[in-house]
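Coordinates from upload-v3.cif are shown below (mmCIF, C-alpha atoms).
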```cif
data_my_file
#
loop_
_atom_site.label_atom_id
_atom_site.label_comp_id
_atom_site.auth_asym_id
_atom_site.auth_seq_id
_atom_site.Cartn_x
_atom_site.Cartn_y
_atom_site.Cartn_z
CA MET A 149 52.76 45.26 49.56
CA LYS A 150 49.33 44.00 50.55
CA SER A 151 48.13 40.44 50.10
CA PHE A 152 44.62 39.25 49.37
CA VAL A 153 45.23 36.67 52.13
CA ASN A 154 44.41 38.13 55.51
CA TYR A 155 46.82 37.62 58.40
CA PRO A 156 47.57 39.33 61.73
CA GLU A 157 50.05 42.20 61.80
CA ASN A 158 52.36 40.18 64.05
CA SER A 159 52.43 37.12 61.79
CA ASP A 160 55.88 35.69 61.11
CA PHE A 161 54.67 34.72 57.66
CA SER A 162 53.88 38.04 56.04
CA ILE A 163 53.92 38.83 52.32
CA HIS A 164 57.55 39.84 52.88
CA ASN A 165 58.58 36.32 53.91
CA ILE A 166 57.52 33.54 51.48
CA PRO A 167 59.36 30.65 53.19
CA PHE A 168 59.63 27.10 51.86
CA GLY A 169 58.81 23.78 53.50
CA VAL A 170 57.32 20.33 52.91
CA ALA A 171 53.83 19.38 54.03
CA VAL A 172 51.40 16.47 54.04
CA PHE A 173 48.13 17.61 52.44
CA ASN A 174 44.82 15.78 52.94
CA LYS A 175 46.67 13.33 55.22
CA GLU A 176 48.27 11.56 52.25
CA TYR A 177 49.75 13.85 49.60
CA ILE A 178 53.28 15.22 50.19
CA ALA A 179 54.52 18.30 48.36
CA CYS A 180 56.72 21.37 48.75
CA ALA A 181 54.88 24.36 50.13
CA THR A 182 55.00 28.00 51.12
CA ARG A 183 53.08 29.88 53.78
CA ILE A 184 51.41 33.24 54.27
CA GLY A 185 49.75 33.91 57.61
CA ASP A 186 48.08 30.65 58.60
CA VAL A 187 47.62 29.53 55.00
CA VAL A 188 49.87 26.82 53.55
CA ILE A 189 50.06 26.70 49.75
CA ASP A 190 50.65 23.49 47.77
CA LEU A 191 53.32 24.53 45.26
CA ALA A 192 53.17 21.32 43.23
CA THR A 193 49.52 21.90 42.34
CA LEU A 194 50.14 25.61 41.81
CA TYR A 195 52.82 24.63 39.29
CA ASP A 196 50.49 22.16 37.57
CA PHE A 197 47.91 24.94 37.17
CA GLY A 198 50.47 26.97 35.22
CA PHE A 199 51.02 29.84 37.63
CA LEU A 200 54.80 29.42 37.60
CA ASP A 201 55.21 28.84 33.87
CA ASP A 202 57.02 32.10 33.21
CA VAL A 203 59.82 31.45 35.72
CA GLU A 204 62.90 30.91 33.58
CA GLY A 205 64.81 27.75 34.49
CA LEU A 206 61.87 26.09 36.25
CA ASN A 207 61.30 23.39 33.64
CA ASP A 208 59.94 20.55 35.79
CA ASN A 209 57.63 20.19 38.75
CA VAL A 210 60.37 20.01 41.40
CA PHE A 211 57.71 20.73 44.04
CA GLU A 212 56.19 17.28 43.69
CA ALA A 213 58.82 15.93 46.07
CA TYR A 214 59.41 14.82 49.64
CA THR A 215 62.17 17.40 50.20
CA LEU A 216 63.21 20.83 48.93
CA ASN A 217 66.61 19.57 47.76
CA GLU A 218 65.84 19.41 44.04
CA PHE A 219 64.33 22.90 44.12
CA ILE A 220 67.21 24.34 46.15
CA GLU A 221 69.76 22.85 43.74
CA LEU A 222 68.38 25.01 40.92
CA GLY A 223 70.33 27.88 42.45
CA LYS A 224 69.61 31.47 43.37
CA PRO A 225 68.59 32.72 39.88
CA VAL A 226 65.68 30.25 39.88
CA THR A 227 64.76 30.01 43.56
CA THR A 228 64.76 33.79 43.99
CA ALA A 229 62.59 34.19 40.87
CA VAL A 230 60.14 31.61 42.21
CA ARG A 231 59.90 33.43 45.54
CA LEU A 232 59.25 36.76 43.82
CA LYS A 233 56.62 35.17 41.53
CA ILE A 234 54.77 33.67 44.51
CA GLN A 235 54.92 37.04 46.25
CA GLU A 236 53.42 38.68 43.14
CA LEU A 237 50.65 36.06 42.95
CA LEU A 238 49.68 36.70 46.57
CA LEU A 239 49.18 40.44 46.09
CA GLU A 240 45.77 42.05 45.83
CA GLY A 241 44.57 42.17 42.22
CA SER A 242 46.81 39.34 41.00
CA SER A 243 45.75 36.62 38.57
CA LEU A 244 45.40 34.27 41.54
CA ALA A 245 43.45 36.58 43.85
CA ASN A 246 40.01 35.76 42.42
CA ASP A 247 40.72 32.26 41.06
CA GLU A 248 38.44 30.33 43.40
CA LYS A 249 39.20 26.91 41.88
CA THR A 250 42.97 27.25 42.33
CA ILE A 251 42.59 28.67 45.83
CA GLU A 252 40.31 25.76 46.78
CA GLU A 253 42.80 23.22 45.41
CA CYS A 254 46.05 24.81 46.64
CA PHE A 255 45.29 26.70 49.86
CA PHE A 256 45.08 24.95 53.24
CA GLN A 257 44.87 26.14 56.82
CA ILE A 258 47.98 25.37 58.86
CA ASP A 259 46.03 23.04 61.18
CA GLU A 260 44.95 21.00 58.15
CA VAL A 261 48.48 19.96 57.20
CA LYS A 262 51.40 18.19 58.82
CA MET A 263 54.85 19.68 58.39
CA LEU A 264 57.79 17.39 57.55
CA MET A 265 61.56 17.80 57.47
CA PRO A 266 62.06 20.46 54.78
CA VAL A 267 65.31 19.05 53.41
CA HIS A 268 67.29 15.85 53.28
CA VAL A 269 70.44 16.67 55.28
CA PRO A 270 73.48 14.78 53.92
CA ASN A 271 75.95 16.39 56.33
CA TYR A 272 75.74 18.55 59.45
CA THR A 273 78.32 20.82 61.08
CA ASP A 274 77.94 22.71 64.35
CA PHE A 275 79.97 25.86 64.95
CA TYR A 276 80.90 27.62 68.19
CA SER A 277 80.66 31.22 67.05
CA SER A 278 79.21 33.30 69.91
CA ILE A 279 82.00 34.96 71.87
CA GLU A 280 79.69 35.45 74.85
CA HIS A 281 78.80 31.75 74.96
CA ALA A 282 82.40 30.60 74.46
CA THR A 283 83.56 32.98 77.18
CA ASN A 284 80.90 31.78 79.63
CA VAL A 285 81.81 28.14 79.06
CA GLY A 286 85.51 28.94 79.37
CA LYS A 287 84.92 30.66 82.70
CA MET A 288 82.97 27.68 84.03
CA PHE A 289 85.28 24.89 82.95
CA ARG A 290 88.72 26.52 82.60
CA ASP A 291 90.59 29.63 83.70
CA PRO A 292 88.15 32.58 84.08
CA ALA A 293 90.97 35.00 83.26
CA ASN A 294 91.72 33.17 79.99
CA ALA A 295 88.30 31.86 79.04
CA LEU A 296 88.87 31.71 75.28
CA LEU A 297 91.30 29.15 73.92
CA PRO A 298 94.15 30.60 71.80
CA ASN A 299 92.60 29.65 68.45
CA TRP A 300 89.09 31.01 69.07
CA LYS A 301 89.54 34.51 67.61
CA HIS A 302 91.50 33.20 64.63
CA LEU A 303 89.02 30.70 63.15
CA PRO A 304 85.37 29.62 63.42
CA VAL A 305 85.61 26.58 65.70
CA GLY A 306 83.28 23.73 64.71
CA TYR A 307 82.75 19.98 64.67
CA HIS A 308 80.99 17.52 62.40
CA GLY A 309 77.71 16.35 63.95
CA ARG A 310 75.16 13.65 63.22
CA ALA A 311 72.76 14.42 60.34
CA SER A 312 70.52 11.37 60.83
CA SER A 313 69.12 12.56 64.16
CA ILE A 314 68.04 16.05 63.03
CA VAL A 315 64.24 16.11 63.30
CA VAL A 316 61.46 18.57 62.56
CA SER A 317 59.64 20.60 65.20
CA GLY A 318 57.03 18.60 67.13
CA THR A 319 59.10 15.41 67.25
CA ASP A 320 59.55 14.16 70.82
CA ILE A 321 63.09 13.54 72.07
CA HIS A 322 63.95 10.74 74.53
CA ARG A 323 66.35 11.58 77.33
CA PRO A 324 69.71 10.10 76.30
CA LYS A 325 71.74 7.59 78.31
CA GLY A 326 75.49 7.41 78.56
CA GLN A 327 78.57 7.48 80.76
CA THR A 328 79.00 10.24 83.32
CA LYS A 329 81.55 10.74 86.05
CA PRO A 330 80.20 12.46 89.17
CA ALA A 331 82.68 14.78 90.86
CA ASP A 332 82.77 12.62 93.99
CA ALA A 333 83.21 9.32 92.12
CA ASP A 334 86.46 7.58 91.23
CA LYS A 335 85.03 5.91 88.12
CA PRO A 336 82.22 6.55 85.62
CA ILE A 337 78.64 5.35 85.92
CA PHE A 338 76.01 4.61 83.27
CA GLY A 339 72.47 5.98 83.10
CA PRO A 340 70.20 8.74 81.80
CA THR A 341 71.69 12.22 81.68
CA LYS A 342 70.89 14.41 84.67
CA GLN A 343 71.93 17.61 82.89
CA LEU A 344 69.87 17.74 79.70
CA ASP A 345 70.14 21.12 78.01
CA PHE A 346 68.99 23.03 74.95
CA GLU A 347 71.19 25.26 72.81
CA LEU A 348 69.60 28.21 71.02
CA GLU A 349 70.99 28.23 67.48
CA MET A 350 70.20 29.02 63.87
CA ALA A 351 71.34 26.95 60.91
CA PHE A 352 71.90 27.73 57.25
CA ILE A 353 71.35 25.33 54.34
CA VAL A 354 73.54 25.21 51.21
CA ASN A 355 72.19 24.94 47.68
CA ARG A 356 75.04 23.33 45.74
CA ASN A 357 77.40 20.41 45.40
CA THR A 358 81.11 21.12 45.17
CA GLU A 359 84.03 18.93 44.17
CA MET A 360 86.73 17.84 46.59
CA GLY A 361 89.47 20.44 46.48
CA GLU A 362 87.05 23.29 45.74
CA SER A 363 86.60 26.18 48.20
CA ILE A 364 83.82 28.74 48.64
CA PRO A 365 85.26 32.22 49.40
CA THR A 366 83.51 34.70 51.69
CA GLU A 367 82.61 37.00 48.80
CA SER A 368 80.48 34.33 47.07
CA ALA A 369 79.30 32.39 50.14
CA GLU A 370 75.83 33.98 50.17
CA ASP A 371 75.19 32.63 46.67
CA ALA A 372 75.62 29.15 48.17
CA ILE A 373 73.26 29.72 51.12
CA PHE A 374 69.58 29.09 50.36
CA GLY A 375 68.14 30.04 53.74
CA LEU A 376 67.95 29.44 57.47
CA VAL A 377 66.00 27.56 60.13
CA LEU A 378 65.82 27.74 63.91
CA PHE A 379 67.98 25.02 65.44
CA ASN A 380 67.91 23.42 68.91
CA ASP A 381 71.16 21.56 69.52
CA TRP A 382 70.10 19.32 72.40
CA SER A 383 73.02 18.58 74.73
CA ALA A 384 73.69 16.25 77.66
CA ARG A 385 76.14 18.29 79.71
CA ASP A 386 77.25 15.60 82.17
CA ILE A 387 77.92 13.13 79.34
CA GLN A 388 79.71 15.88 77.42
CA SER A 389 82.03 16.91 80.26
CA TRP A 390 83.27 13.30 80.65
CA GLU A 391 83.63 12.38 76.97
CA TYR A 392 84.78 15.54 75.19
CA VAL A 393 88.52 15.19 75.89
CA PRO A 394 90.35 14.89 73.53
CA LEU A 395 88.08 14.86 70.46
CA GLY A 396 85.04 16.90 71.47
CA PRO A 397 81.27 16.17 71.56
CA PHE A 398 79.96 12.73 70.66
CA LEU A 399 77.07 10.99 72.48
CA ALA A 400 76.26 14.22 74.33
CA LYS A 401 75.05 15.75 71.05
CA ASN A 402 74.19 13.10 68.46
CA PHE A 403 70.97 11.80 70.05
CA GLY A 404 68.85 14.59 68.58
CA SER A 405 68.64 18.11 67.15
CA SER A 406 65.39 19.93 66.34
CA ILE A 407 64.70 22.39 63.52
CA SER A 408 61.81 24.64 62.51
CA PRO A 409 59.85 23.40 59.46
CA TRP A 410 60.04 26.56 57.35
CA VAL A 411 63.23 27.61 55.56
CA VAL A 412 63.42 31.41 55.41
CA THR A 413 65.50 32.64 52.47
CA LEU A 414 68.39 35.08 52.73
CA GLU A 415 66.43 37.33 50.38
CA ALA A 416 63.56 37.57 52.88
CA LEU A 417 66.05 38.52 55.61
CA GLU A 418 67.64 41.32 53.57
CA PRO A 419 65.92 44.12 55.56
CA PHE A 420 67.53 42.87 58.76
CA ARG A 421 71.19 42.94 57.73
CA THR A 422 73.44 44.53 60.32
CA ALA A 423 77.13 45.05 60.92
CA SER A 424 79.23 42.27 62.40
CA PRO A 425 81.10 42.75 65.68
CA ALA A 426 84.65 44.05 65.36
CA GLN A 427 87.13 41.17 65.06
CA GLU A 428 90.42 41.59 66.90
CA PRO A 429 93.05 40.49 66.09
CA GLU A 430 92.69 40.87 62.33
CA VAL A 431 91.67 37.61 60.67
CA LEU A 432 93.59 35.87 57.90
CA ASP A 433 92.84 36.96 54.33
CA TYR A 434 90.53 34.04 53.47
CA LEU A 435 88.23 35.04 56.37
CA LYS A 436 88.01 38.74 55.49
CA PHE A 437 84.72 40.07 54.14
CA SER A 438 83.02 43.32 53.21
CA GLY A 439 79.54 44.64 53.95
CA ASP A 440 76.98 43.74 56.60
CA LYS A 441 76.95 39.97 57.12
CA ASN A 442 75.08 39.62 60.42
CA TYR A 443 71.28 39.66 60.82
CA ASP A 444 69.11 41.36 63.45
CA ILE A 445 66.83 38.46 64.33
CA ASN A 446 65.12 38.38 67.73
CA LEU A 447 65.22 35.00 69.45
CA GLU A 448 63.51 33.60 72.52
CA VAL A 449 63.29 30.29 74.37
CA SER A 450 60.57 29.04 76.68
CA ILE A 451 59.99 26.02 78.92
CA THR A 452 56.52 24.56 79.45
CA PRO A 453 56.30 21.82 82.12
CA GLU A 454 53.67 19.12 81.66
CA GLN A 455 51.80 20.52 84.64
CA GLY A 456 52.42 24.24 84.42
CA PRO A 457 52.35 27.38 82.27
CA GLU A 458 54.92 28.48 79.70
CA THR A 459 57.86 30.61 80.86
CA VAL A 460 60.12 32.58 78.53
CA ILE A 461 63.61 32.11 79.98
CA CYS A 462 65.84 33.60 77.28
CA ARG A 463 65.73 36.55 74.89
CA SER A 464 68.70 36.81 72.54
CA ASN A 465 69.56 37.92 69.00
CA PHE A 466 71.35 36.37 66.01
CA LYS A 467 73.29 39.63 65.50
CA HIS A 468 75.55 38.69 68.45
CA MET A 469 77.50 36.14 66.38
CA TYR A 470 81.24 36.88 66.29
CA TRP A 471 81.82 34.67 63.24
CA ASN A 472 79.24 35.15 60.43
CA MET A 473 77.87 32.58 58.01
CA CYS A 474 80.13 33.63 55.14
CA GLN A 475 83.20 33.12 57.30
CA GLN A 476 81.89 29.79 58.56
CA LEU A 477 81.34 28.42 55.05
CA ALA A 478 84.65 29.80 53.77
CA HIS A 479 86.54 28.20 56.66
CA HIS A 480 84.64 24.90 56.30
CA THR A 481 85.67 24.58 52.65
CA VAL A 482 89.09 26.28 52.59
CA ASN A 483 90.83 22.91 52.87
CA GLY A 484 88.87 21.53 49.90
CA CYS A 485 86.08 19.86 51.86
CA ASN A 486 83.19 19.27 49.45
CA VAL A 487 79.64 20.27 50.35
CA GLU A 488 76.30 18.82 49.24
CA VAL A 489 72.85 20.26 48.59
CA GLY A 490 70.93 20.28 51.86
CA ASP A 491 73.99 20.35 54.10
CA MET A 492 73.16 22.11 57.37
CA TYR A 493 75.50 24.38 59.32
CA ALA A 494 74.45 25.44 62.81
CA SER A 495 75.69 28.65 64.37
CA GLY A 496 76.57 27.44 67.82
CA THR A 497 74.76 28.67 70.92
CA ILE A 498 73.65 32.29 70.53
CA SER A 499 74.23 34.21 73.76
CA GLY A 500 74.30 37.93 74.41
CA GLU A 501 75.99 39.92 77.15
CA GLU A 502 73.06 40.01 79.60
CA LYS A 503 72.23 36.95 81.67
CA ASP A 504 68.67 36.66 80.32
CA SER A 505 70.15 36.46 76.80
CA PHE A 506 72.25 33.37 77.51
CA GLY A 507 71.27 30.63 75.04
CA SER A 508 71.50 27.50 77.22
CA MET A 509 70.54 26.24 80.66
CA LEU A 510 74.25 25.68 81.33
CA GLU A 511 74.70 29.46 81.27
CA LEU A 512 71.29 30.59 82.54
CA THR A 513 71.68 28.54 85.73
CA TRP A 514 75.49 28.75 85.73
CA ARG A 515 75.97 24.99 85.61
CA GLY A 516 72.99 24.39 87.89
CA THR A 517 74.17 26.57 90.78
CA GLU A 518 71.54 29.28 90.19
CA PRO A 519 68.20 27.54 89.38
CA LEU A 520 65.51 29.32 87.38
CA THR A 521 62.05 29.79 88.86
CA LEU A 522 59.32 29.16 86.29
CA ASN A 523 55.85 30.66 86.21
CA GLY A 524 53.89 28.51 88.65
CA GLY A 525 56.80 28.17 91.06
CA GLN A 526 58.72 25.16 89.72
CA GLU A 527 62.51 25.37 89.60
CA ARG A 528 64.84 24.19 86.86
CA LYS A 529 68.58 23.61 86.82
CA PHE A 530 68.36 21.67 83.55
CA ILE A 531 65.53 20.26 81.39
CA GLU A 532 63.35 17.64 83.08
CA ASP A 533 61.22 14.83 81.65
CA ASN A 534 57.97 16.00 80.02
CA ASP A 535 59.21 19.58 79.67
CA THR A 536 58.52 21.18 76.29
CA VAL A 537 61.15 23.59 75.01
CA THR A 538 60.06 26.10 72.36
CA MET A 539 62.25 28.49 70.37
CA ARG A 540 60.96 31.39 68.28
CA GLY A 541 62.70 33.85 65.97
CA TRP A 542 61.71 36.92 63.94
CA GLY A 543 63.03 40.10 62.39
CA GLU A 544 61.03 43.33 62.57
CA LYS A 545 61.95 46.68 61.05
CA ASP A 546 60.13 49.62 59.40
CA GLY A 547 56.79 47.81 59.46
CA ILE A 548 58.21 44.61 57.93
CA ARG A 549 58.11 41.40 59.94
CA VAL A 550 59.67 38.13 58.80
CA GLY A 551 59.81 35.16 61.15
CA PHE A 552 60.59 31.49 61.45
CA GLY A 553 57.61 30.34 63.48
CA GLU A 554 58.87 28.01 66.16
CA VAL A 555 60.77 24.84 66.86
CA MET A 556 59.47 22.85 69.79
CA ALA A 557 60.00 19.41 71.27
CA LYS A 558 58.93 17.54 74.38
CA ILE A 559 61.46 15.56 76.37
CA LEU A 560 60.32 12.02 77.11
CA PRO A 561 61.88 9.73 79.73
CA ALA A 562 64.84 7.62 78.66
CA LYS A 563 63.95 4.38 76.92
CA ILE A 564 64.53 1.33 79.10
#
```
Can the structure in the file be given as structure tokens, please?
Amino acid sequence: MKSFVNYPENSDFSIHNIPFGVAVFNKEYIACATRIGDVVIDLATLYDFGFLDDVEGLNDNVFEAYTLNEFIELGKPVTTAVRLKIQELLLEGSSLANDEKTIEECFFQIDEVKMLMPVHVPNYTDFYSSIEHATNVGKMFRDPANALLPNWKHLPVGYHGRASSIVVSGTDIHRPKGQTKPADADKPIFGPTKQLDFELEMAFIVNRNTEMGESIPTESAEDAIFGLVLFNDWSARDIQSWEYVPLGPFLAKNFGSSISPWVVTLEALEPFRTASPAQEPEVLDYLKFSGDKNYDINLEVSITPEQGPETVICRSNFKHMYWNMCQQLAHHTVNGCNVEVGDMYASGTISGEEKDSFGSMLELTWRGTEPLTLNGGQERKFIEDNDTVTMRGWGEKDGIRVGFGEVMAKILPAKI
């Protein structure tokens, strides 16, 4: 496929992608959008001009909205058809290719728009599904010989997080405050975290509402998943280590999470399917699945100090996940928990076997005992004030590249 829109060969947003997001056009008009190369396309106006009229089931201008939720709720038969129609319109020789008026009205350069949160997130769950990450944490904080807790290989461990503090890429995050208990202290103290960390994750978004008591089995889970974003699960490790017993993360996590602005559909990621890791012992029947359910998506993380160059500190891959998305959604709903359109489910930190593939500072510096040296000579045990953390992700195979762009945020000092 070749588009009439020119873009670099290494663009995340090729004709094979067609992601969805929400943008501010002309500094005042908000609408749902897609992107090819560095061009952002106003889908609401494209709909008004009649270019999507022949998509069955698309009966209203759902793109004239502040979120993608109404569009997503139409389900895969409609959303997939819309994606394919947009792809067709962007090809050389299409009815849109030489329509100068429509192109002038609907096409914008990426630096001419502001990206917003792509979806309203009613509920958010964070999983813990990388065996390498869970093993590393277990070695650090528990018995190195028995790093995984007894339940870990039997179910996708997760917890319910805070949806209200999920923000779009480019939103600054203030260093959180809370209780910590230094190792040499006999009681806790209060103040800004000294061990601020990122967690390299991806998150999927569901496209339906279910009733209480209803479950989504693994074999139909993909029909309920619209697409994915990059996800940075910011974490305050010293707050977390004091508060997490007995109920798990709370203030160490709920102060902020960052996502990339473009939702990449499962259909766009089809070329990058890959086999899941072998699961031993055998899982219970409701967690069994068939086919390739993992995805070969390259991931990287960088730190850019305020006074210094960018340094890539982590290179990992989404294919490392022990528990896949279908298993996560099946487990989440097996007890009858209802889901809502726009719900977001993060993967948990994505770490590989090699040290440079570890998806958090906790692991990369081994709890601060092995500092990283950045380009320019600065050292980091954890994230410092005015550091910018950037995550990128893309799949590339047989000449096809589909990516997520980036999610980035700058850490500001704690508010007084």
Between atom CA of A:Gly547 and atom CA of A:Lys150, distance in Å (one decimal):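 If I compute the distance from atom CA of A:Gly547 to atom CA of A:Lys150, I get 12.2 Å.
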For this structure, which residues satisfy the selection - the PyMOL selection byres ((chain A and resi 472) around 8) - when it is evaluated on the file as given? I want them as a PDB file with C-alpha atoms, keeping the file's coordinate frame.
```pdb
ATOM      1  CA  SER A 277      80.660  31.220  67.050  1.00  0.00           C
ATOM      2  CA  SER A 424      79.230  42.270  62.400  1.00  0.00           C
ATOM      3  CA  LYS A 441      76.950  39.970  57.120  1.00  0.00           C
ATOM      4  CA  ASN A 442      75.080  39.620  60.420  1.00  0.00           C
ATOM      5  CA  MET A 469      77.500  36.140  66.380  1.00  0.00           C
ATOM      6  CA  TYR A 470      81.240  36.880  66.290  1.00  0.00           C
ATOM      7  CA  TRP A 471      81.820  34.670  63.240  1.00  0.00           C
ATOM      8  CA  MET A 473      77.870  32.580  58.010  1.00  0.00           C
ATOM      9  CA  CYS A 474      80.130  33.630  55.140  1.00  0.00           C
ATOM     10  CA  GLN A 475      83.200  33.120  57.300  1.00  0.00           C
ATOM     11  CA  GLN A 476      81.890  29.790  58.560  1.00  0.00           C
TER      12      GLN A 476
END
```
Quick one: of A:Ser495, A:Gln257, A:Thr452, A:Thr328, who's nearest to A:Thr182, counting only C-alpha atoms? A:Gln257
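If you look at atom CA of A:Cys462 and atom CA of A:Leu378, they are 14.6 Å away from each other.
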Report, in Å with one decimal, the straight-line distance from atom CA of A:Leu522 to atom CA of A:Phe552. 25.0 Å
Which residues match the PyMOL selection byres ((chain A and resi 263) around 9) in the file above, as a short mmCIF file (atom, residue, chain, number, x, y, z; two decimals) with C-alpha atoms, keeping the file's coordinate frame?
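Writing done, so here's expr04.cif:
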```
data_model
loop_
_atom_site.label_atom_id
_atom_site.label_comp_id
_atom_site.auth_asym_id
_atom_site.auth_seq_id
_atom_site.Cartn_x
_atom_site.Cartn_y
_atom_site.Cartn_z
CA GLY A 169 58.81 23.78 53.50
CA VAL A 170 57.32 20.33 52.91
CA ALA A 171 53.83 19.38 54.03
CA VAL A 172 51.40 16.47 54.04
CA ILE A 258 47.98 25.37 58.86
CA VAL A 261 48.48 19.96 57.20
CA LYS A 262 51.40 18.19 58.82
CA LEU A 264 57.79 17.39 57.55
CA MET A 265 61.56 17.80 57.47
CA PRO A 266 62.06 20.46 54.78
CA VAL A 316 61.46 18.57 62.56
CA SER A 317 59.64 20.60 65.20
CA PRO A 409 59.85 23.40 59.46
CA TRP A 410 60.04 26.56 57.35
#
```
Would you kindly return, as a ChimeraX atom specification, each protein, DNA or RNA residue with an atom no farther than 10 Å from any atom of A:Leu206, considering all atoms listed in the file and excluding same-chain residues fewer than 5 positions away? /A:195,200-201,219,222,226-227,229-230
Counting all atoms listed in the file, find the residues whose atoms lie at most 12 Å from (47.0, 37.8, 38.9) (file coordinates) and write them out as a ChimeraX atom specification. /A:151-152,198-200,233-247,250
Store the residues of this selection in a file with C-alpha atoms, as a PDB file, in the frame of the given file.
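The result, stored in selection.pdb:
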```pdb
ATOM      1  CA  SER A 151      48.130  40.440  50.100  1.00  0.00           C
ATOM      2  CA  PHE A 152      44.620  39.250  49.370  1.00  0.00           C
ATOM      3  CA  GLY A 198      50.470  26.970  35.220  1.00  0.00           C
ATOM      4  CA  PHE A 199      51.020  29.840  37.630  1.00  0.00           C
ATOM      5  CA  LEU A 200      54.800  29.420  37.600  1.00  0.00           C
ATOM      6  CA  LYS A 233      56.620  35.170  41.530  1.00  0.00           C
ATOM      7  CA  ILE A 234      54.770  33.670  44.510  1.00  0.00           C
ATOM      8  CA  GLN A 235      54.920  37.040  46.250  1.00  0.00           C
ATOM      9  CA  GLU A 236      53.420  38.680  43.140  1.00  0.00           C
ATOM     10  CA  LEU A 237      50.650  36.060  42.950  1.00  0.00           C
ATOM     11  CA  LEU A 238      49.680  36.700  46.570  1.00  0.00           C
ATOM     12  CA  LEU A 239      49.180  40.440  46.090  1.00  0.00           C
ATOM     13  CA  GLU A 240      45.770  42.050  45.830  1.00  0.00           C
ATOM     14  CA  GLY A 241      44.570  42.170  42.220  1.00  0.00           C
ATOM     15  CA  SER A 242      46.810  39.340  41.000  1.00  0.00           C
ATOM     16  CA  SER A 243      45.750  36.620  38.570  1.00  0.00           C
ATOM     17  CA  LEU A 244      45.400  34.270  41.540  1.00  0.00           C
ATOM     18  CA  ALA A 245      43.450  36.580  43.850  1.00  0.00           C
ATOM     19  CA  ASN A 246      40.010  35.760  42.420  1.00  0.00           C
ATOM     20  CA  ASP A 247      40.720  32.260  41.060  1.00  0.00           C
ATOM     21  CA  THR A 250      42.970  27.250  42.330  1.00  0.00           C
TER      22      THR A 250
END
```
May I ask which of the residues A:Glu280, A:Glu511, A:Asp332, A:Asp208 is the closest one to A:Pro425, counting only C-alpha atoms?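 Among the listed residues, A:Glu280 lies closest to A:Pro425.
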Using all atoms listed in the file, find each residue of stretch 222-293 of chain A with at least one atom at most 12 Å away from an atom of stretch 356-368 of chain A; report its shortest atom-to-atom pair and that distance in Å (one decimal), sort the rows by chain and rising residue number, and return the result as a tab-separated table.
```
residue	atom	partner	partner_atom	distance
A:Leu222	CA	A:Arg356	CA	8.4
A:Gly223	CA	A:Arg356	CA	7.3
A:Lys224	CA	A:Arg356	CA	10.1
A:Pro270	CA	A:Asn357	CA	10.9
A:Asn271	CA	A:Asn357	CA	11.7
```
For C-alpha atoms, I'd like the residues from the last selection saved as an mmCIF file, in the coordinates of the input.
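And here is the file that came out, part_35.cif:
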```cif
data_model
loop_
_atom_site.group_PDB
_atom_site.id
_atom_site.type_symbol
_atom_site.label_atom_id
_atom_site.label_comp_id
_atom_site.auth_asym_id
_atom_site.auth_seq_id
_atom_site.Cartn_x
_atom_site.Cartn_y
_atom_site.Cartn_z
ATOM 1 C CA LEU A 222 68.380 25.010 40.920
ATOM 2 C CA GLY A 223 70.330 27.880 42.450
ATOM 3 C CA LYS A 224 69.610 31.470 43.370
ATOM 4 C CA PRO A 270 73.480 14.780 53.920
ATOM 5 C CA ASN A 271 75.950 16.390 56.330
#
```
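Minimum atom-to-atom distance to A:Gly543, evaluated using all atoms listed in the file, belongs to A:Leu447 out of A:Ala369, A:Leu232, A:Ile178, A:Leu447.
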Considering only C-alpha atoms, can you say which of A:Ala331, A:Ala400, A:Leu303, A:Ile451 comes closest to A:Asp433?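 Nearest candidate to A:Asp433 out of A:Ala331, A:Ala400, A:Leu303, A:Ile451: A:Leu303.
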Could you write out as number ranges by chain the residues that the PyMOL selection byres ((chain A and resi 315) around 9) matches in the shown file? A: 264-265, 312-314, 316-319, 404-408
Write a file of the just-selected residues containing C-alpha atoms, as a PDB file, in the frame of the given file.
```
ATOM      1  CA  LEU A 264      57.790  17.390  57.550  1.00  0.00           C
ATOM      2  CA  MET A 265      61.560  17.800  57.470  1.00  0.00           C
ATOM      3  CA  SER A 312      70.520  11.370  60.830  1.00  0.00           C
ATOM      4  CA  SER A 313      69.120  12.560  64.160  1.00  0.00           C
ATOM      5  CA  ILE A 314      68.040  16.050  63.030  1.00  0.00           C
ATOM      6  CA  VAL A 316      61.460  18.570  62.560  1.00  0.00           C
ATOM      7  CA  SER A 317      59.640  20.600  65.200  1.00  0.00           C
ATOM      8  CA  GLY A 318      57.030  18.600  67.130  1.00  0.00           C
ATOM      9  CA  THR A 319      59.100  15.410  67.250  1.00  0.00           C
ATOM     10  CA  GLY A 404      68.850  14.590  68.580  1.00  0.00           C
ATOM     11  CA  SER A 405      68.640  18.110  67.150  1.00  0.00           C
ATOM     12  CA  SER A 406      65.390  19.930  66.340  1.00  0.00           C
ATOM     13  CA  ILE A 407      64.700  22.390  63.520  1.00  0.00           C
ATOM     14  CA  SER A 408      61.810  24.640  62.510  1.00  0.00           C
TER      15      SER A 408
END
```
If we count all atoms listed in the file and set the cut-off at 9 Å, which residues sit around A:Asp320, ignoring sequence neighbours fewer than 4 positions away in its own chain? Please answer as an NGL selection string. :A and (536 or 556-560)
Would you write out, as a tab-separated table, a table of all residues in stretch 365-409 of chain A that have an atom no more than 7 Å from an atom of stretch 343-355 of chain A, listing for each the closest atom pair and the distance in Å to one decimal, considering all atoms listed in the file and ordering rows by chain and rising residue number?
```
residue	atom	partner	partner_atom	distance
A:Ala372	CA	A:Val354	CA	5.4
A:Ile373	CA	A:Val354	CA	4.5
A:Phe374	CA	A:Asn355	CA	5.6
A:Gly375	CA	A:Phe352	CA	5.6
A:Leu376	CA	A:Phe352	CA	4.3
A:Val377	CA	A:Ala351	CA	5.4
A:Leu378	CA	A:Met350	CA	4.6
A:Phe379	CA	A:Met350	CA	4.8
A:Asn380	CA	A:Glu347	CA	5.4
A:Asp381	CA	A:Glu347	CA	5.0
A:Trp382	CA	A:Phe346	CA	4.6
A:Ser383	CA	A:Asp345	CA	5.1
A:Ala384	CA	A:Leu344	CA	4.6
A:Arg385	CA	A:Gln343	CA	5.3
A:Asp386	CA	A:Gln343	CA	5.7
```
